[in-house]
>>> print(open('final-v8.txt').read())   # compact mmCIF, N, CA and C atoms
# COMPACT_ATOMS: atom_id res chain seq x y z
N MET A 1112 103.45 125.46 111.75
CA MET A 1112 102.22 124.90 111.20
C MET A 1112 102.58 123.74 110.29
N SER A 1113 101.82 122.63 110.39
CA SER A 1113 102.12 121.45 109.58
C SER A 1113 101.61 121.63 108.15
N THR A 1114 102.16 120.82 107.27
CA THR A 1114 101.77 120.84 105.87
C THR A 1114 100.33 120.35 105.73
N PRO A 1115 99.50 121.07 104.97
CA PRO A 1115 98.12 120.61 104.76
C PRO A 1115 98.10 119.24 104.09
N VAL A 1116 97.11 118.42 104.42
CA VAL A 1116 97.01 117.11 103.78
C VAL A 1116 96.44 117.24 102.37
N LEU A 1117 95.63 118.27 102.15
CA LEU A 1117 95.09 118.53 100.81
C LEU A 1117 95.06 120.02 100.57
N GLN A 1118 95.54 120.40 99.41
CA GLN A 1118 95.52 121.81 99.04
C GLN A 1118 95.12 121.91 97.57
N LEU A 1119 94.02 122.59 97.32
CA LEU A 1119 93.58 122.87 95.96
C LEU A 1119 93.80 124.35 95.73
N ASP A 1120 94.45 124.69 94.64
CA ASP A 1120 94.72 126.09 94.34
C ASP A 1120 94.21 126.41 92.93
N ALA A 1121 93.15 127.22 92.87
CA ALA A 1121 92.54 127.65 91.60
C ALA A 1121 92.17 126.47 90.71
N LEU A 1122 91.66 125.40 91.33
CA LEU A 1122 91.29 124.20 90.60
C LEU A 1122 90.17 124.48 89.59
N GLU A 1123 90.35 123.98 88.38
CA GLU A 1123 89.35 124.13 87.33
C GLU A 1123 89.09 122.80 86.67
N ARG A 1124 87.84 122.57 86.31
CA ARG A 1124 87.50 121.42 85.48
C ARG A 1124 86.40 121.87 84.53
N HIS A 1125 86.77 121.97 83.26
CA HIS A 1125 85.85 122.41 82.22
C HIS A 1125 85.61 121.26 81.26
N PHE A 1126 84.40 121.15 80.77
CA PHE A 1126 84.04 120.13 79.80
C PHE A 1126 83.55 120.82 78.53
N THR A 1127 83.87 120.24 77.39
CA THR A 1127 83.37 120.76 76.13
C THR A 1127 82.08 120.04 75.80
N ALA A 1128 81.03 120.82 75.56
CA ALA A 1128 79.73 120.26 75.21
C ALA A 1128 79.30 120.87 73.88
N SER A 1129 78.25 120.34 73.31
CA SER A 1129 77.78 120.83 72.01
C SER A 1129 77.42 122.32 72.05
N GLY A 1130 76.97 122.79 73.21
CA GLY A 1130 76.60 124.20 73.34
C GLY A 1130 77.73 125.10 73.77
N GLY A 1131 78.95 124.56 73.95
CA GLY A 1131 80.08 125.37 74.38
C GLY A 1131 80.81 124.70 75.53
N THR A 1132 81.39 125.51 76.41
CA THR A 1132 82.17 125.00 77.53
C THR A 1132 81.34 125.03 78.81
N VAL A 1133 81.37 123.91 79.53
CA VAL A 1133 80.69 123.83 80.82
C VAL A 1133 81.77 123.92 81.89
N ARG A 1134 81.64 124.89 82.78
CA ARG A 1134 82.61 125.08 83.86
C ARG A 1134 82.09 124.38 85.11
N ALA A 1135 82.46 123.10 85.27
CA ALA A 1135 81.98 122.30 86.40
C ALA A 1135 82.63 122.76 87.70
N ALA A 1136 83.87 123.17 87.62
CA ALA A 1136 84.60 123.74 88.77
C ALA A 1136 85.45 124.87 88.21
N ASP A 1137 85.45 125.99 88.88
CA ASP A 1137 86.15 127.15 88.33
C ASP A 1137 86.80 127.96 89.44
N GLY A 1138 88.11 127.81 89.60
CA GLY A 1138 88.85 128.60 90.57
C GLY A 1138 88.66 128.17 92.01
N VAL A 1139 88.51 126.88 92.25
CA VAL A 1139 88.28 126.38 93.62
C VAL A 1139 89.60 126.34 94.39
N THR A 1140 89.63 127.00 95.53
CA THR A 1140 90.79 126.99 96.41
C THR A 1140 90.33 126.47 97.77
N LEU A 1141 91.05 125.48 98.29
CA LEU A 1141 90.65 124.81 99.51
C LEU A 1141 91.88 124.24 100.19
N THR A 1142 91.95 124.36 101.50
CA THR A 1142 93.04 123.76 102.28
C THR A 1142 92.44 122.92 103.40
N VAL A 1143 92.91 121.68 103.50
CA VAL A 1143 92.45 120.77 104.55
C VAL A 1143 93.66 120.37 105.38
N GLY A 1144 93.59 120.66 106.67
CA GLY A 1144 94.68 120.33 107.58
C GLY A 1144 94.58 118.92 108.12
N ARG A 1145 95.65 118.45 108.70
CA ARG A 1145 95.70 117.11 109.30
C ARG A 1145 94.62 117.00 110.38
N GLY A 1146 93.85 115.92 110.34
CA GLY A 1146 92.81 115.68 111.32
C GLY A 1146 91.47 116.34 111.01
N GLU A 1147 91.42 117.17 109.98
CA GLU A 1147 90.17 117.84 109.61
C GLU A 1147 89.35 116.94 108.68
N VAL A 1148 88.05 117.10 108.77
CA VAL A 1148 87.11 116.43 107.87
C VAL A 1148 86.34 117.53 107.17
N VAL A 1149 86.21 117.43 105.85
CA VAL A 1149 85.54 118.46 105.08
C VAL A 1149 84.36 117.87 104.34
N GLY A 1150 83.25 118.55 104.39
CA GLY A 1150 82.09 118.17 103.60
C GLY A 1150 81.79 119.28 102.60
N LEU A 1151 81.72 118.94 101.34
CA LEU A 1151 81.34 119.91 100.31
C LEU A 1151 79.83 119.86 100.18
N VAL A 1152 79.22 121.01 100.30
CA VAL A 1152 77.76 121.09 100.28
C VAL A 1152 77.35 122.06 99.19
N GLY A 1153 76.32 121.69 98.46
CA GLY A 1153 75.80 122.57 97.41
C GLY A 1153 74.66 121.89 96.70
N GLU A 1154 73.98 122.66 95.88
CA GLU A 1154 72.84 122.09 95.17
C GLU A 1154 73.30 121.12 94.09
N SER A 1155 72.39 120.31 93.63
CA SER A 1155 72.67 119.34 92.58
C SER A 1155 73.24 120.05 91.36
N GLY A 1156 74.34 119.51 90.84
CA GLY A 1156 74.96 120.10 89.65
C GLY A 1156 75.93 121.22 89.93
N SER A 1157 76.22 121.49 91.21
CA SER A 1157 77.10 122.62 91.54
C SER A 1157 78.58 122.29 91.42
N GLY A 1158 78.94 121.01 91.20
CA GLY A 1158 80.34 120.65 91.00
C GLY A 1158 81.01 119.98 92.18
N LYS A 1159 80.25 119.61 93.20
CA LYS A 1159 80.84 118.98 94.40
C LYS A 1159 81.60 117.70 94.05
N SER A 1160 80.94 116.81 93.35
CA SER A 1160 81.59 115.53 93.00
C SER A 1160 82.76 115.76 92.06
N THR A 1161 82.64 116.71 91.16
CA THR A 1161 83.73 117.02 90.24
C THR A 1161 84.96 117.50 91.00
N VAL A 1162 84.76 118.38 91.97
CA VAL A 1162 85.89 118.87 92.79
C VAL A 1162 86.53 117.70 93.52
N GLY A 1163 85.72 116.85 94.14
CA GLY A 1163 86.24 115.69 94.85
C GLY A 1163 87.01 114.75 93.94
N ARG A 1164 86.45 114.47 92.77
CA ARG A 1164 87.11 113.56 91.82
C ARG A 1164 88.44 114.14 91.33
N CYS A 1165 88.47 115.45 91.12
CA CYS A 1165 89.73 116.09 90.70
C CYS A 1165 90.75 116.10 91.84
N ALA A 1166 90.26 116.29 93.07
CA ALA A 1166 91.15 116.36 94.23
C ALA A 1166 91.92 115.06 94.42
N VAL A 1167 91.26 113.92 94.12
CA VAL A 1167 91.94 112.63 94.29
C VAL A 1167 92.38 112.06 92.94
N ARG A 1168 92.29 112.89 91.91
CA ARG A 1168 92.75 112.56 90.55
C ARG A 1168 92.02 111.39 89.92
N LEU A 1169 90.74 111.21 90.27
CA LEU A 1169 89.90 110.28 89.52
C LEU A 1169 89.45 110.94 88.22
N ASP A 1170 89.56 112.27 88.19
CA ASP A 1170 89.28 113.07 87.00
C ASP A 1170 90.43 114.06 86.86
N GLU A 1171 90.76 114.42 85.64
CA GLU A 1171 91.89 115.32 85.40
C GLU A 1171 91.45 116.78 85.45
N PRO A 1172 92.08 117.58 86.31
CA PRO A 1172 91.75 119.02 86.33
C PRO A 1172 92.14 119.68 85.01
N THR A 1173 91.37 120.69 84.63
CA THR A 1173 91.69 121.48 83.44
C THR A 1173 92.77 122.51 83.79
N GLY A 1174 92.76 122.98 85.04
CA GLY A 1174 93.73 123.97 85.48
C GLY A 1174 93.85 123.96 86.99
N GLY A 1175 94.82 124.70 87.48
CA GLY A 1175 95.07 124.77 88.92
C GLY A 1175 95.97 123.65 89.39
N THR A 1176 96.16 123.57 90.70
CA THR A 1176 97.04 122.54 91.26
C THR A 1176 96.35 121.79 92.39
N VAL A 1177 96.78 120.54 92.53
CA VAL A 1177 96.33 119.67 93.62
C VAL A 1177 97.58 119.20 94.34
N ARG A 1178 97.66 119.47 95.65
CA ARG A 1178 98.78 119.00 96.46
C ARG A 1178 98.25 118.08 97.55
N ILE A 1179 98.88 116.93 97.69
CA ILE A 1179 98.53 116.00 98.76
C ILE A 1179 99.78 115.86 99.62
N ASN A 1180 99.64 116.21 100.90
CA ASN A 1180 100.77 116.21 101.84
C ASN A 1180 101.96 116.98 101.28
N GLY A 1181 101.67 118.10 100.63
CA GLY A 1181 102.71 118.97 100.11
C GLY A 1181 103.25 118.58 98.74
N THR A 1182 102.87 117.43 98.22
CA THR A 1182 103.35 116.96 96.92
C THR A 1182 102.36 117.35 95.83
N ASP A 1183 102.85 118.03 94.80
CA ASP A 1183 101.99 118.40 93.69
C ASP A 1183 101.70 117.14 92.87
N VAL A 1184 100.45 116.72 92.88
CA VAL A 1184 100.06 115.50 92.16
C VAL A 1184 99.30 115.82 90.87
N THR A 1185 99.24 117.09 90.53
CA THR A 1185 98.43 117.53 89.39
C THR A 1185 98.80 116.83 88.10
N THR A 1186 100.08 116.66 87.86
CA THR A 1186 100.51 116.05 86.60
C THR A 1186 101.18 114.70 86.81
N MET A 1187 101.08 114.18 88.02
CA MET A 1187 101.69 112.89 88.34
C MET A 1187 101.01 111.78 87.54
N SER A 1188 101.77 110.81 87.09
CA SER A 1188 101.20 109.68 86.35
C SER A 1188 100.35 108.83 87.28
N ARG A 1189 99.44 108.07 86.71
CA ARG A 1189 98.58 107.17 87.50
C ARG A 1189 99.45 106.18 88.29
N ARG A 1190 100.51 105.70 87.68
CA ARG A 1190 101.40 104.74 88.34
C ARG A 1190 102.08 105.38 89.55
N ALA A 1191 102.56 106.61 89.40
CA ALA A 1191 103.24 107.30 90.50
C ALA A 1191 102.25 107.68 91.61
N LEU A 1192 101.00 107.90 91.23
CA LEU A 1192 99.97 108.30 92.19
C LEU A 1192 99.46 107.12 93.02
N ARG A 1193 99.56 105.92 92.49
CA ARG A 1193 98.99 104.74 93.14
C ARG A 1193 99.41 104.55 94.61
N PRO A 1194 100.70 104.68 94.97
CA PRO A 1194 101.06 104.50 96.39
C PRO A 1194 100.43 105.54 97.32
N LEU A 1195 100.07 106.70 96.79
CA LEU A 1195 99.46 107.75 97.61
C LEU A 1195 97.97 107.53 97.85
N ARG A 1196 97.34 106.71 97.03
CA ARG A 1196 95.88 106.54 97.10
C ARG A 1196 95.39 106.02 98.44
N LYS A 1197 96.22 105.29 99.18
CA LYS A 1197 95.78 104.78 100.48
C LYS A 1197 95.64 105.90 101.52
N ASP A 1198 96.17 107.09 101.20
CA ASP A 1198 96.16 108.20 102.15
C ASP A 1198 94.93 109.11 102.05
N PHE A 1199 94.04 108.86 101.09
CA PHE A 1199 92.86 109.71 100.96
C PHE A 1199 91.66 108.91 100.49
N HIS A 1200 90.47 109.46 100.76
CA HIS A 1200 89.25 108.75 100.43
C HIS A 1200 88.10 109.73 100.27
N LEU A 1201 87.25 109.46 99.32
CA LEU A 1201 86.04 110.24 99.12
C LEU A 1201 84.83 109.39 99.47
N VAL A 1202 83.83 110.01 100.03
CA VAL A 1202 82.53 109.36 100.19
C VAL A 1202 81.55 110.23 99.43
N PHE A 1203 81.01 109.69 98.35
CA PHE A 1203 80.12 110.48 97.51
C PHE A 1203 78.75 110.63 98.15
N GLN A 1204 78.01 111.62 97.68
CA GLN A 1204 76.74 112.00 98.30
C GLN A 1204 75.68 110.91 98.24
N ASP A 1205 75.81 109.95 97.36
CA ASP A 1205 74.83 108.89 97.23
C ASP A 1205 75.42 107.59 97.74
N PRO A 1206 75.20 107.24 99.01
CA PRO A 1206 75.84 106.06 99.57
C PRO A 1206 75.43 104.77 98.88
N SER A 1207 74.26 104.74 98.24
CA SER A 1207 73.86 103.51 97.58
C SER A 1207 74.73 103.21 96.37
N SER A 1208 75.36 104.23 95.79
CA SER A 1208 76.27 103.97 94.68
C SER A 1208 77.72 103.88 95.16
N SER A 1209 77.99 104.31 96.39
CA SER A 1209 79.34 104.27 96.93
C SER A 1209 79.61 102.99 97.71
N LEU A 1210 78.57 102.44 98.34
CA LEU A 1210 78.72 101.28 99.20
C LEU A 1210 78.00 100.08 98.58
N ASP A 1211 78.67 98.95 98.58
CA ASP A 1211 78.10 97.73 98.02
C ASP A 1211 77.14 97.12 99.03
N PRO A 1212 75.84 97.06 98.73
CA PRO A 1212 74.88 96.53 99.69
C PRO A 1212 75.05 95.04 99.97
N ARG A 1213 75.84 94.35 99.17
CA ARG A 1213 76.08 92.92 99.39
C ARG A 1213 77.20 92.68 100.39
N MET A 1214 77.87 93.77 100.81
CA MET A 1214 78.98 93.65 101.74
C MET A 1214 78.56 94.14 103.12
N THR A 1215 79.14 93.53 104.16
CA THR A 1215 78.90 94.01 105.52
C THR A 1215 79.75 95.27 105.75
N VAL A 1216 79.44 95.99 106.81
CA VAL A 1216 80.24 97.16 107.16
C VAL A 1216 81.70 96.75 107.37
N GLY A 1217 81.90 95.63 108.05
CA GLY A 1217 83.26 95.14 108.29
C GLY A 1217 84.00 94.86 106.99
N GLN A 1218 83.33 94.27 106.02
CA GLN A 1218 83.97 93.99 104.73
C GLN A 1218 84.32 95.28 104.00
N ILE A 1219 83.42 96.27 104.08
CA ILE A 1219 83.66 97.56 103.42
C ILE A 1219 84.87 98.26 104.03
N VAL A 1220 84.96 98.24 105.36
CA VAL A 1220 86.09 98.88 106.05
C VAL A 1220 87.38 98.12 105.77
N ALA A 1221 87.31 96.80 105.67
CA ALA A 1221 88.50 95.98 105.45
C ALA A 1221 89.02 96.06 104.02
N GLU A 1222 88.16 96.38 103.07
CA GLU A 1222 88.56 96.35 101.66
C GLU A 1222 89.79 97.19 101.35
N PRO A 1223 89.87 98.46 101.77
CA PRO A 1223 91.09 99.22 101.45
C PRO A 1223 92.33 98.67 102.17
N LEU A 1224 92.15 98.09 103.34
CA LEU A 1224 93.29 97.49 104.04
C LEU A 1224 93.88 96.35 103.19
N ARG A 1225 92.97 95.56 102.61
CA ARG A 1225 93.39 94.45 101.76
C ARG A 1225 93.97 94.94 100.44
N LEU A 1226 93.28 95.87 99.79
CA LEU A 1226 93.71 96.37 98.48
C LEU A 1226 95.08 97.04 98.51
N HIS A 1227 95.37 97.73 99.61
CA HIS A 1227 96.65 98.45 99.71
C HIS A 1227 97.72 97.63 100.43
N GLY A 1228 97.42 96.37 100.72
CA GLY A 1228 98.40 95.50 101.34
C GLY A 1228 98.74 95.88 102.77
N ILE A 1229 97.84 96.54 103.45
CA ILE A 1229 98.09 96.99 104.82
C ILE A 1229 97.85 95.86 105.81
N ALA A 1230 96.76 95.11 105.60
CA ALA A 1230 96.45 93.99 106.49
C ALA A 1230 95.51 93.03 105.78
N LYS A 1231 95.58 91.75 106.19
CA LYS A 1231 94.62 90.77 105.69
C LYS A 1231 94.41 89.72 106.77
N GLY A 1232 93.40 88.90 106.60
CA GLY A 1232 93.11 87.85 107.56
C GLY A 1232 92.79 88.40 108.94
N GLU A 1233 93.37 87.76 109.95
CA GLU A 1233 93.09 88.14 111.35
C GLU A 1233 93.56 89.56 111.66
N ALA A 1234 94.68 89.99 111.06
CA ALA A 1234 95.17 91.36 111.29
C ALA A 1234 94.15 92.38 110.78
N ALA A 1235 93.55 92.10 109.64
CA ALA A 1235 92.53 93.00 109.10
C ALA A 1235 91.29 93.01 109.99
N ARG A 1236 90.86 91.83 110.44
CA ARG A 1236 89.68 91.75 111.32
C ARG A 1236 89.91 92.54 112.61
N ALA A 1237 91.11 92.43 113.17
CA ALA A 1237 91.42 93.15 114.40
C ALA A 1237 91.43 94.66 114.16
N ARG A 1238 92.00 95.08 113.05
CA ARG A 1238 92.05 96.51 112.74
C ARG A 1238 90.65 97.06 112.49
N VAL A 1239 89.82 96.30 111.78
CA VAL A 1239 88.44 96.73 111.53
C VAL A 1239 87.69 96.87 112.85
N ALA A 1240 87.85 95.90 113.75
CA ALA A 1240 87.19 95.97 115.05
C ALA A 1240 87.63 97.22 115.81
N GLU A 1241 88.92 97.52 115.75
CA GLU A 1241 89.46 98.71 116.42
C GLU A 1241 88.86 99.99 115.82
N LEU A 1242 88.80 100.05 114.50
CA LEU A 1242 88.26 101.25 113.84
C LEU A 1242 86.77 101.43 114.13
N LEU A 1243 86.02 100.35 114.09
CA LEU A 1243 84.59 100.43 114.38
C LEU A 1243 84.35 100.85 115.83
N ALA A 1244 85.17 100.36 116.75
CA ALA A 1244 85.06 100.73 118.17
C ALA A 1244 85.31 102.23 118.34
N GLN A 1245 86.26 102.77 117.57
CA GLN A 1245 86.58 104.21 117.65
C GLN A 1245 85.37 105.08 117.34
N VAL A 1246 84.49 104.60 116.47
CA VAL A 1246 83.32 105.40 116.10
C VAL A 1246 82.04 104.90 116.76
N GLY A 1247 82.19 104.01 117.75
CA GLY A 1247 81.05 103.57 118.54
C GLY A 1247 80.22 102.47 117.91
N LEU A 1248 80.79 101.71 117.00
CA LEU A 1248 80.07 100.58 116.38
C LEU A 1248 80.67 99.26 116.83
N ARG A 1249 79.82 98.23 116.91
CA ARG A 1249 80.30 96.90 117.26
C ARG A 1249 80.82 96.19 116.02
>>> encode(input="final-v8.txt", output="C-alpha cells")
Amino acid sequence: MSTPVLQLDALERHFTASGGTVRAADGVTLTVGRGEVVGLVGESGSGKSTVGRCAVRLDEPTGGTVRINGTDVTTMSRRALRPLRKDFHLVFQDPSSSLDPRMTVGQIVAEPLRLHGIAKGEAARARVAELLAQVGLR
C-alpha cells in the first residue's frame, strides 16, 4: 500500500475566547490516499474550514499531527513548508471568496504554475489547455 498523501491524526484546533475555550476541531483523524478527492461536509460552524486550514498549515494545530506524503509537517517552519505547498490545494466552500472574479478560468488555473515556477508563458498556456481538456472544458 502506498503512503497516504494526507494523514491527520487526532488533529485539534482550539481557540481561547472571552467565554472560555472554543474547540473548532477536536480529535480529527483522516487519511487521504493518492488519487482520492475528499470533501468535508457539515453545517456552518462545524470546523470544516478550520480542519482544511490546519491540514495545509495555513493555521497552526493545537494538537495532533499532520503528515503530507509521509512527512510530519506539524512543526515544520513556514520556510521548510514552502516547497511542499505546490503539492496540495484547498477549495473553500465559498467560491466567491476563493476565486478572483476578475480572472479567467485559464488565469486561475495558471496562477499556481507561475507562482511555484512550474511553467510560464506558452508552456503554462499549453498545460492549462491540457488540464481543462481533462475535465471537459475548452
>>> atom_distance(input="final-v8.txt", atom1="CA of Thr1176 (chain A)", atom2="CA of Ala1121 (chain A)")
6.8 Å
>>> residues_around(input="final-v8.txt", residues="region 1156-1161 of chain A", least_positions_apart="5", cutoff="6.5 Å", atoms="all atoms listed in the file", output="list in words")
Ala1135, Ala1136, Leu1151 and Ala1166 of chain A
>>> closest_residue(input="final-v8.txt", among="A:Ser1188, A:Thr1182, A:Thr1215, A:Thr1173", to="Arg1124 (chain A)", atoms="only C-alpha atoms")
A:Thr1173
>>> select_by_dssp(input="final-v8.txt", residues="region 1119-1224 of chain A", states="alpha helix (DSSP H)", output="list of chain:residue names")
A:Lys1159, A:Ser1160, A:Thr1161, A:Val1162, A:Gly1163, A:Arg1164, A:Cys1165, A:Ala1166, A:Arg1189, A:Arg1190, A:Ala1191, A:Leu1192, A:Pro1206, A:Ser1207, A:Ser1208, A:Ser1209, A:Val1216, A:Gly1217, A:Gln1218, A:Ile1219, A:Val1220, A:Ala1221, A:Glu1222, A:Pro1223, A:Leu1224
>>> residues_around(input="final-v8.txt", residues="Glu1123 (chain A)", least_positions_apart="3", cutoff="5 Å", atoms="all atoms listed in the file", output="ChimeraX atom specification")
/A:1136-1138,1172-1175
>>> atom_distance(input="final-v8.txt", atom1="atom C of Lys1231 (chain A)", atom2="CA of Gln1218 (chain A)")
11.5 Å
>>> residues_around(input="final-v8.txt", residues="region 1227-1229 of chain A", least_positions_apart="3", cutoff="9 Å", atoms="only C-alpha atoms", output="list in words")
Pro1194, Arg1196, Lys1197, Glu1222, Pro1223, Leu1224 and Ala1235 of chain A
>>> write_last_selection(input="final-v8.txt", atoms="N, CA and C atoms", output="compact mmCIF listing (two decimals), in the frame of the given file")
# COMPACT_ATOMS: atom_id res chain seq x y z
N PRO A 1194 100.70 104.68 94.97
CA PRO A 1194 101.06 104.50 96.39
C PRO A 1194 100.43 105.54 97.32
N ARG A 1196 97.34 106.71 97.03
CA ARG A 1196 95.88 106.54 97.10
C ARG A 1196 95.39 106.02 98.44
N LYS A 1197 96.22 105.29 99.18
CA LYS A 1197 95.78 104.78 100.48
C LYS A 1197 95.64 105.90 101.52
N GLU A 1222 88.16 96.38 103.07
CA GLU A 1222 88.56 96.35 101.66
C GLU A 1222 89.79 97.19 101.35
N PRO A 1223 89.87 98.46 101.77
CA PRO A 1223 91.09 99.22 101.45
C PRO A 1223 92.33 98.67 102.17
N LEU A 1224 92.15 98.09 103.34
CA LEU A 1224 93.29 97.49 104.04
C LEU A 1224 93.88 96.35 103.19
N ALA A 1235 93.55 92.10 109.64
CA ALA A 1235 92.53 93.00 109.10
C ALA A 1235 91.29 93.01 109.99
>>> closest_residue(input="final-v8.txt", among="A:Val1162, A:Glu1233, A:Val1246, A:Thr1114", to="Asn1180 (chain A)", atoms="only N, CA and C atoms")
A:Thr1114
>>> select_by_dssp(input="final-v8.txt", residues="region 1150-1246 of chain A", states="strand (DSSP E)", output="PyMOL selection string")
chain A and resi 1174-1179+1182-1183
>>> atom_distance(input="final-v8.txt", atom1="atom C of Arg1190 (chain A)", atom2="atom C of Val1139 (chain A)")
24.9 Å
>>> residues_near_point(input="final-v8.txt", point="(95.1, 124.3, 106.6)", cutoff="5 Å", atoms="all atoms listed in the file", output="list in words")
Thr1142, Val1143 and Gly1144 of chain A
>>> axis_aligned_box(input="final-v8.txt", around="region 1190-1201 of chain A", padding_each_side="8 Å", output="lines of an AutoDock Vina configuration file")
center_x = 94.0
center_y = 107.4
center_z = 94.9
size_x = 34.4
size_y = 21.7
size_z = 30.5
>>> closest_residue(input="final-v8.txt", among="A:Val1133, A:Leu1169, A:Leu1243, A:Ile1179", to="Val1116 (chain A)", atoms="only C-alpha atoms")
A:Ile1179
>>> residues_near_point(input="final-v8.txt", point="(88.8, 95.0, 114.8)", cutoff="12 Å", atoms="only C-alpha atoms", output="PyMOL selection string")
chain A and resi 1216-1218+1220-1221+1224+1230-1246+1248-1249
